[in-house]
file upload.tsv (TSV, C-alpha atoms)
chain	number	residue	atom	x	y	z
A	1	MET	CA	120.80	-29.47	36.78
A	2	THR	CA	122.44	-32.68	38.01
A	3	GLN	CA	119.79	-35.26	38.86
A	4	LEU	CA	121.65	-38.52	39.51
A	5	VAL	CA	125.02	-38.61	41.26
A	6	ILE	CA	127.05	-41.80	41.62
A	7	SER	CA	130.10	-41.33	43.85
A	8	ASP	CA	132.95	-43.81	44.36
A	9	VAL	CA	130.72	-46.88	44.04
A	10	SER	CA	132.46	-50.22	44.49
A	11	LYS	CA	131.07	-53.75	44.39
A	12	ARG	CA	132.78	-57.09	44.86
A	13	TYR	CA	131.47	-60.61	44.26
A	14	GLY	CA	133.82	-62.87	46.18
A	15	ALA	CA	137.27	-62.41	44.66
A	16	THR	CA	135.88	-60.51	41.66
A	17	LEU	CA	135.89	-56.72	41.81
A	18	ALA	CA	132.87	-55.84	39.65
A	19	LEU	CA	132.97	-52.06	40.24
A	20	ASP	CA	136.00	-50.07	41.34
A	21	ARG	CA	135.23	-46.56	42.68
A	22	VAL	CA	132.89	-45.55	39.83
A	23	SER	CA	131.68	-41.94	39.80
A	24	LEU	CA	129.23	-40.49	37.29
A	25	SER	CA	126.88	-37.47	37.20
A	26	VAL	CA	123.75	-37.46	35.05
A	27	GLU	CA	121.97	-34.25	34.06
A	28	ALA	CA	118.19	-33.98	34.32
A	29	GLY	CA	116.41	-34.87	31.08
A	30	SER	CA	119.51	-36.32	29.43
A	31	ARG	CA	120.06	-39.72	27.84
A	32	VAL	CA	123.17	-41.60	29.00
A	33	ALA	CA	124.50	-44.80	27.45
A	34	ILE	CA	126.82	-47.08	29.42
A	35	VAL	CA	128.89	-49.36	27.20
A	36	GLY	CA	131.67	-51.83	27.75
A	37	PRO	CA	132.68	-55.42	27.05
A	38	SER	CA	131.16	-58.34	28.95
A	39	GLY	CA	132.28	-58.28	32.55
A	40	SER	CA	133.07	-54.56	32.55
A	41	GLY	CA	130.52	-53.85	35.32
A	42	LYS	CA	127.89	-51.94	33.36
A	43	THR	CA	124.92	-54.16	34.33
A	44	THR	CA	126.06	-54.29	37.96
A	45	LEU	CA	126.08	-50.49	38.02
A	46	LEU	CA	122.57	-50.36	36.55
A	47	ARG	CA	121.27	-52.85	39.13
A	48	ILE	CA	122.77	-50.79	41.95
A	49	ILE	CA	121.04	-47.67	40.63
A	50	ALA	CA	117.76	-49.62	40.42
A	51	GLY	CA	118.11	-50.99	43.95
A	52	PHE	CA	118.44	-54.65	42.96
A	53	GLU	CA	121.98	-54.74	44.37
A	54	ALA	CA	123.70	-52.88	47.21
A	55	PRO	CA	127.19	-51.41	46.75
A	56	ASP	CA	129.94	-52.30	49.17
A	57	ALA	CA	130.96	-48.65	49.28
A	58	GLY	CA	130.02	-45.33	47.73
A	59	THR	CA	126.77	-43.38	47.38
A	60	VAL	CA	123.94	-42.98	44.88
A	61	THR	CA	121.60	-39.98	45.08
A	62	LEU	CA	118.60	-39.05	42.91
A	63	ASP	CA	117.15	-35.55	43.16
A	64	GLY	CA	118.92	-35.19	46.49
A	65	GLN	CA	117.46	-38.44	47.90
A	66	VAL	CA	120.12	-40.90	49.07
A	67	LEU	CA	119.37	-44.22	47.39
A	68	ALA	CA	122.50	-45.99	48.57
A	69	ASN	CA	125.18	-45.24	51.13
A	70	GLY	CA	127.39	-48.29	51.07
A	71	PRO	CA	125.31	-51.40	51.91
A	72	ALA	CA	122.49	-49.23	53.34
A	73	ILE	CA	120.00	-48.80	50.49
A	74	ALA	CA	116.48	-47.55	49.84
A	75	ALA	CA	114.04	-50.22	48.66
A	76	ALA	CA	113.75	-50.52	44.87
A	77	HIS	CA	109.98	-49.79	44.87
A	78	ARG	CA	110.56	-46.48	46.67
A	79	ARG	CA	113.05	-45.08	44.14
A	80	ARG	CA	110.78	-43.62	41.44
A	81	ILE	CA	112.80	-45.52	38.84
A	82	GLY	CA	111.44	-47.33	35.78
A	83	TYR	CA	113.23	-50.42	34.51
A	84	VAL	CA	112.89	-52.06	31.08
A	85	THR	CA	114.75	-55.29	30.35
A	86	GLN	CA	115.79	-57.06	27.16
A	87	ASP	CA	112.65	-59.23	26.99
A	88	GLY	CA	110.28	-56.56	28.32
A	89	ALA	CA	109.11	-58.93	31.11
A	90	LEU	CA	105.43	-58.49	30.27
A	91	PHE	CA	102.94	-60.69	32.11
A	92	PRO	CA	101.95	-63.26	29.45
A	93	HIS	CA	98.57	-64.06	31.08
A	94	LEU	CA	97.45	-60.40	31.07
A	95	ASP	CA	96.36	-58.30	28.12
A	96	VAL	CA	98.12	-55.04	27.28
A	97	ALA	CA	95.63	-52.98	29.31
A	98	ASP	CA	96.26	-55.00	32.46
A	99	ASN	CA	100.02	-54.97	31.86
A	100	LEU	CA	99.98	-51.18	31.58
A	101	GLY	CA	97.61	-50.77	34.50
A	102	PHE	CA	99.44	-53.16	36.84
A	103	GLY	CA	100.65	-50.28	39.01
A	104	ILE	CA	97.56	-48.09	38.60
A	105	PRO	CA	94.68	-48.63	41.08
A	106	ARG	CA	91.56	-49.88	39.32
A	107	ASP	CA	89.41	-47.30	41.08
A	108	GLU	CA	91.62	-44.39	39.99
A	109	PRO	CA	89.61	-41.73	38.10
A	110	ASP	CA	90.24	-41.60	34.35
A	111	ARG	CA	92.18	-44.88	34.46
A	112	ALA	CA	91.00	-45.86	30.97
A	113	ALA	CA	92.01	-42.46	29.59
A	114	ARG	CA	95.46	-42.85	31.15
A	115	LEU	CA	95.93	-46.21	29.46
A	116	CYS	CA	94.98	-44.74	26.08
A	117	ALA	CA	97.31	-41.78	26.67
A	118	LEU	CA	100.17	-44.16	27.46
A	119	MET	CA	99.56	-46.07	24.24
A	120	GLU	CA	99.55	-42.82	22.29
A	121	LEU	CA	102.76	-41.74	24.01
A	122	VAL	CA	104.60	-44.88	22.84
A	123	GLU	CA	103.06	-44.56	19.37
A	124	LEU	CA	100.78	-47.61	19.55
A	125	ASP	CA	97.11	-47.92	18.63
A	126	ALA	CA	94.78	-48.05	21.64
A	127	ALA	CA	92.99	-50.95	19.90
A	128	MET	CA	95.96	-53.11	21.00
A	129	LEU	CA	94.96	-52.78	24.67
A	130	SER	CA	92.91	-55.98	24.41
A	131	ARG	CA	95.74	-58.06	22.96
A	132	ARG	CA	98.00	-60.45	24.84
A	133	PRO	CA	101.80	-60.04	24.64
A	134	HIS	CA	102.19	-63.04	22.29
A	135	GLU	CA	99.95	-61.26	19.78
A	136	LEU	CA	102.41	-58.35	19.51
A	137	SER	CA	105.65	-58.03	17.56
A	138	GLY	CA	108.92	-57.76	19.43
A	139	GLY	CA	109.05	-54.02	18.86
A	140	GLN	CA	105.47	-53.56	20.06
A	141	GLN	CA	106.20	-55.58	23.20
A	142	GLN	CA	109.15	-53.32	24.02
A	143	ARG	CA	106.99	-50.22	23.60
A	144	VAL	CA	104.34	-51.70	25.90
A	145	ALA	CA	107.07	-52.48	28.46
A	146	LEU	CA	108.22	-48.87	28.21
A	147	ALA	CA	104.65	-47.60	28.59
A	148	ARG	CA	104.19	-49.78	31.69
A	149	ALA	CA	107.32	-48.27	33.21
A	150	LEU	CA	106.14	-44.76	32.31
A	151	ALA	CA	102.76	-45.41	33.96
A	152	ARG	CA	104.44	-45.11	37.36
A	153	LYS	CA	105.71	-41.60	36.44
A	154	PRO	CA	109.38	-42.34	37.15
A	155	ALA	CA	112.02	-39.68	37.69
A	156	LEU	CA	114.60	-41.93	36.02
A	157	MET	CA	114.31	-44.64	33.36
A	158	LEU	CA	116.77	-47.54	33.17
A	159	LEU	CA	117.00	-49.55	29.94
A	160	ASP	CA	118.93	-52.83	30.20
A	161	GLU	CA	119.82	-53.86	26.61
A	162	PRO	CA	116.15	-53.43	25.59
A	163	PHE	CA	116.74	-53.68	21.83
A	164	SER	CA	119.24	-56.54	21.60
A	165	ALA	CA	116.65	-59.25	20.91
A	166	LEU	CA	115.19	-57.36	17.93
A	167	ASP	CA	116.15	-57.74	14.28
A	168	THR	CA	118.63	-55.13	13.03
A	169	GLY	CA	116.16	-53.01	11.04
A	170	LEU	CA	113.49	-53.19	13.74
A	171	ARG	CA	116.06	-52.41	16.43
A	172	GLU	CA	116.87	-49.05	14.86
A	173	SER	CA	113.26	-47.99	14.36
A	174	VAL	CA	112.26	-49.02	17.91
A	175	ARG	CA	115.31	-47.25	19.35
A	176	GLN	CA	114.37	-44.06	17.52
A	177	ALA	CA	110.77	-44.36	18.71
A	178	VAL	CA	111.85	-44.91	22.32
A	179	ALA	CA	114.20	-41.92	22.13
A	180	ARG	CA	111.32	-39.75	20.88
A	181	VAL	CA	109.03	-40.96	23.66
A	182	LEU	CA	111.55	-40.31	26.41
A	183	ALA	CA	112.46	-36.89	25.01
A	184	LYS	CA	108.77	-35.95	24.84
A	185	ALA	CA	108.25	-37.11	28.43
A	186	GLY	CA	111.43	-35.31	29.55
A	187	ILE	CA	112.59	-38.33	31.55
A	188	THR	CA	116.25	-38.84	32.38
A	189	THR	CA	117.36	-42.16	30.89
A	190	ILE	CA	120.28	-44.55	31.28
A	191	LEU	CA	120.78	-47.22	28.63
A	192	VAL	CA	123.11	-50.18	29.08
A	193	THR	CA	124.15	-51.77	25.80
A	194	HIS	CA	126.95	-53.76	24.22
A	195	ASP	CA	126.22	-52.16	20.83
A	196	GLN	CA	128.58	-49.22	20.28
A	197	SER	CA	126.67	-47.74	17.34
A	198	GLU	CA	123.44	-47.93	19.35
A	199	ALA	CA	125.06	-46.07	22.23
A	200	LEU	CA	126.58	-43.39	19.98
A	201	SER	CA	123.26	-42.67	18.26
A	202	PHE	CA	121.02	-42.82	21.36
A	203	ALA	CA	122.92	-40.91	24.00
A	204	ASP	CA	123.64	-37.31	24.92
A	205	GLN	CA	126.39	-38.62	27.20
A	206	LEU	CA	128.45	-41.78	26.80
A	207	ALA	CA	130.17	-43.69	29.60
A	208	VAL	CA	132.69	-46.38	28.66
A	209	MET	CA	133.46	-49.01	31.29
A	210	ARG	CA	136.36	-51.41	31.38
A	211	GLU	CA	137.32	-53.91	34.11
A	212	GLY	CA	134.95	-52.36	36.62
A	213	ARG	CA	136.19	-48.82	36.11
A	214	LEU	CA	134.86	-45.83	34.24
A	215	ALA	CA	137.38	-45.41	31.43
A	216	GLN	CA	135.91	-42.22	29.98
A	217	ALA	CA	132.65	-40.26	29.98
A	218	GLY	CA	131.48	-37.37	27.83
A	219	ARG	CA	129.68	-36.46	24.63
A	220	PRO	CA	129.57	-39.32	22.11
A	221	TYR	CA	131.24	-37.19	19.40
A	222	GLU	CA	134.05	-36.28	21.80
A	223	LEU	CA	134.70	-39.88	22.85
A	224	TYR	CA	134.64	-41.17	19.28
A	225	TRP	CA	137.08	-38.58	17.92
A	226	ARG	CA	139.08	-37.86	21.11
A	227	PRO	CA	139.25	-41.12	23.10
A	228	ALA	CA	141.24	-41.19	26.31
A	229	ASP	CA	143.28	-44.23	25.28
A	230	THR	CA	143.74	-46.76	22.51
A	231	GLU	CA	141.47	-49.34	24.18
A	232	THR	CA	138.56	-46.90	24.22
A	233	ALA	CA	139.31	-45.87	20.63
A	234	LEU	CA	139.17	-49.46	19.37
A	235	PHE	CA	136.11	-50.34	21.44
A	236	LEU	CA	134.05	-47.50	19.96
A	237	GLY	CA	134.90	-48.34	16.34
A	238	ASN	CA	137.56	-49.32	13.86
A	239	ALA	CA	140.70	-47.24	14.05
A	240	ALA	CA	144.15	-47.14	12.48
A	241	LEU	CA	146.89	-46.51	15.05
A	242	PHE	CA	150.41	-45.36	14.14
A	243	ASP	CA	153.55	-44.42	16.01
A	244	ALA	CA	154.34	-40.79	15.22
A	245	LYS	CA	157.00	-38.17	15.74
A	246	ILE	CA	155.66	-34.89	17.03
A	247	GLU	CA	156.91	-31.93	15.01
A	248	ALA	CA	156.65	-28.18	15.37
A	249	VAL	CA	153.43	-28.33	13.35
A	250	GLY	CA	151.56	-31.64	13.28
A	251	VAL	CA	153.13	-35.08	13.27
A	252	SER	CA	154.96	-37.41	10.92
A	253	CYS	CA	154.33	-41.14	10.66
A	254	ALA	CA	154.40	-43.97	8.13
A	255	LEU	CA	151.65	-42.18	6.19
A	256	GLY	CA	153.71	-39.00	5.94
A	257	ARG	CA	153.18	-35.62	7.56
A	258	LEU	CA	149.72	-35.11	9.03
A	259	ALA	CA	147.84	-32.32	10.74
A	260	ALA	CA	147.31	-32.90	14.47
A	261	GLU	CA	146.81	-30.91	17.65
A	262	THR	CA	149.98	-31.45	19.64
A	263	GLY	CA	149.49	-29.04	22.52
A	264	GLY	CA	153.15	-28.06	22.35
A	265	ARG	CA	154.38	-31.58	23.08
A	266	ARG	CA	157.71	-32.92	21.85
A	267	GLY	CA	159.05	-36.39	21.18
A	268	GLY	CA	156.94	-39.34	20.10
A	269	GLY	CA	153.38	-40.52	20.52
A	270	THR	CA	150.55	-42.56	19.07
A	271	ILE	CA	148.02	-41.18	16.62
A	272	MET	CA	144.60	-42.40	15.53
A	273	LEU	CA	142.78	-42.14	12.24
A	274	ARG	CA	139.24	-43.43	11.75
A	275	PRO	CA	138.63	-45.49	8.55
A	276	GLU	CA	136.32	-42.81	7.15
A	277	GLN	CA	139.21	-40.32	7.13
A	278	PHE	CA	141.00	-42.16	4.31
A	279	HIS	CA	140.21	-40.88	0.82
A	280	LEU	CA	141.12	-43.13	-2.11
A	281	SER	CA	141.76	-42.01	-5.67
A	282	ALA	CA	143.07	-43.67	-8.82
A	283	THR	CA	145.70	-40.96	-9.30
A	284	GLY	CA	147.86	-38.90	-6.96
A	285	PRO	CA	148.65	-37.00	-4.93
A	286	GLY	CA	148.73	-39.24	-1.88
A	287	LEU	CA	150.37	-42.32	-0.45
A	288	GLU	CA	150.64	-45.15	-2.96
A	289	ALA	CA	148.89	-48.31	-1.71
A	290	TRP	CA	147.48	-51.61	-2.97
A	291	VAL	CA	144.05	-53.07	-2.30
A	292	ASP	CA	144.29	-56.42	-0.51
A	293	ASP	CA	140.59	-56.95	0.17
A	294	VAL	CA	137.17	-55.29	-0.17
A	295	THR	CA	134.34	-56.03	2.28
A	296	PHE	CA	130.88	-55.04	1.08
A	297	ARG	CA	128.66	-53.60	3.88
A	298	GLY	CA	125.77	-52.19	1.93
A	299	ALA	CA	126.03	-48.42	1.64
A	300	GLN	CA	129.71	-48.57	2.59
A	301	CYS	CA	132.58	-50.98	2.19
A	302	GLY	CA	135.82	-51.65	4.00
A	303	VAL	CA	138.97	-51.57	1.89
A	304	ALA	CA	142.04	-53.34	3.32
A	305	LEU	CA	145.15	-51.50	2.12
A	306	ARG	CA	148.86	-52.22	2.05
A	307	ALA	CA	151.55	-49.59	1.57
A	308	GLY	CA	155.34	-49.51	1.69
A	309	HIS	CA	157.73	-52.38	1.04
A	310	GLU	CA	159.15	-55.20	3.15
A	311	GLU	CA	160.33	-53.77	6.50
A	312	THR	CA	158.42	-50.50	6.02
A	313	GLU	CA	155.16	-52.16	5.00
A	314	ILE	CA	152.02	-50.93	6.75
A	315	ARG	CA	148.43	-52.18	6.62
A	316	PHE	CA	145.23	-50.31	7.41
A	317	THR	CA	141.56	-50.22	6.42
A	318	ALA	CA	139.58	-47.43	4.77
A	319	GLN	CA	135.82	-47.03	4.83
A	320	ILE	CA	134.30	-45.56	1.69
A	321	SER	CA	131.06	-45.47	-0.28
A	322	SER	CA	130.37	-48.82	-1.94
A	323	LEU	CA	129.71	-46.90	-5.16
A	324	GLU	CA	133.42	-45.99	-5.18
A	325	ALA	CA	134.80	-49.41	-4.25
A	326	PRO	CA	138.04	-50.39	-6.01
A	327	GLN	CA	138.93	-53.92	-7.06
A	328	ILE	CA	141.26	-56.26	-5.19
A	329	GLY	CA	144.77	-55.73	-6.52
A	330	ASP	CA	144.15	-52.13	-7.63
A	331	ARG	CA	146.75	-49.47	-7.00
A	332	VAL	CA	145.26	-46.43	-5.25
A	333	PHE	CA	146.50	-43.20	-3.73
A	334	VAL	CA	145.52	-42.42	-0.14
A	335	SER	CA	145.01	-38.94	1.28
A	336	ILE	CA	143.72	-37.96	4.73
A	337	LYS	CA	140.56	-36.01	5.51
A	338	GLY	CA	140.79	-33.94	8.68
A	339	ALA	CA	143.44	-34.16	11.38
A	340	ALA	CA	144.94	-37.16	13.12
A	341	PHE	CA	144.24	-37.49	16.83
A	342	LEU	CA	147.31	-37.59	19.08
A	343	PHE	CA	146.64	-39.63	22.21
A	344	PRO	CA	147.53	-38.04	25.55
A	345	ALA	CA	151.00	-38.81	26.82
A	346	PRO	CA	151.11	-41.83	29.19
A	347	ARG	CA	151.10	-40.89	32.84
call {"tool": "encode", "arguments": {"input": "upload.tsv", "output": "structure tokens"}}
result
Amino acid sequence: MTQLVISDVSKRYGATLALDRVSLSVEAGSRVAIVGPSGSGKTTLLRIIAGFEAPDAGTVTLDGQVLANGPAIAAAHRRRIGYVTQDGALFPHLDVADNLGFGIPRDEPDRAARLCALMELVELDAAMLSRRPHELSGGQQQRVALARALARKPALMLLDEPFSALDTGLRESVRQAVARVLAKAGITTILVTHDQSEALSFADQLAVMREGRLAQAGRPYELYWRPADTETALFLGNAALFDAKIEAVGVSCALGRLAAETGGRRGGGTIMLRPEQFHLSATGPGLEAWVDDVTFRGAQCGVALRAGHEETEIRFTAQISSLEAPQIGDRVFVSIKGAAFLFPAPR
């Protein structure tokens, strides 16, 4: 069931067009990640959904309720929407209990039990209710901020780069915990982030924005392996792009003949291979190449490769297990795992 519908939303700040006819549908109970470079319009879109900004045109509806129809908008506090920011925005002078209970009347029956239940929901010990925000870790503060938003029983949760201030290891564990909490609560969630790997791992649906427009939306796996254009491909991760000739079966390019879905097309096109599709071996078969550089990244490493000679020389990067890393200057043979992706023909 579709819960949130954004239709042809546009927003301009002076001469800057921040959003250009953006449309997006969000299914009930799903997790959506909106990604894009700085200035792409993703935060503006989130603020319009929350009610902090009014669109110049377009509509936003939640469960059939019109939240925005052009500049006419429903007040933010009447939208049944939770909002968690990067810093959590906890009240520093209040303890955790009062932060959580800010929107719960003090005379409400079972108020104390509700606070304990909220702490349990976000996987925190109820003993922390008496602490002040500065006595909590960054990850604990974000969970308290989430619990405070959940206390109002929202129909939709908005997360505005909530993990970006956390250390890398903590960021992943908090993100996983938040995903578990939201899934357990069954709350539809929209995450805005600049971190592509975070978006790919968190979301059921991914929306990529660029220059105020929605470039592509769909399942993360689909967008990563079947991007709509080269810009989206490169934004979501490293990619090797090659000009190719479309053949009766597959394509041919500087790497040789490769498997690819062509859809019956003819002529030329551009193909994409992800770095993890390159397999390196010390002996053939495969394309002969030389190792120009090796970048250690922990479990994996990037291997910069050079193949061909002079005018036909090509360069690309493979991603392999660090246990199998070659040495700079080694000769290797490159084979391809899976099929190349042929980008749609330009319109």
call {"tool": "closest_residue", "arguments": {"input": "upload.tsv", "among": "A:Leu170, A:Ala345, A:Val96, A:Leu156", "to": "Gly267 of chain A", "atoms": "all atoms listed in the file"}}
result
A:Ala345
call {"tool": "closest_residue", "arguments": {"input": "upload.tsv", "among": "A:Glu27, A:Asp160, A:Asp195, A:Asp110", "to": "Gly82 of chain A", "atoms": "only C-alpha atoms"}}
result
A:Asp160
call {"tool": "atom_distance", "arguments": {"input": "upload.tsv", "atom1": "atom CA of Leu258 of chain A", "atom2": "atom CA of Met272 of chain A"}}
result
11.0 Å
call {"tool": "closest_residue", "arguments": {"input": "upload.tsv", "among": "A:Ile246, A:Leu136, A:Val5, A:Ala203", "to": "Ser25 of chain A", "atoms": "all atoms listed in the file"}}
result
A:Val5
call {"tool": "residues_around", "arguments": {"input": "upload.tsv", "residues": "Glu288 of chain A", "least_positions_apart": "6", "cutoff": "9 Å", "atoms": "all atoms listed in the file", "output": "compact mmCIF listing (two decimals) with C-alpha atoms, in the frame of the given file"}}
result
# COMPACT_ATOMS: atom_id res chain seq x y z
CA ARG A 306 148.86 -52.22 2.05
CA ALA A 307 151.55 -49.59 1.57
CA GLY A 308 155.34 -49.51 1.69
CA ARG A 331 146.75 -49.47 -7.00
CA VAL A 332 145.26 -46.43 -5.25
CA PHE A 333 146.50 -43.20 -3.73
CA VAL A 334 145.52 -42.42 -0.14
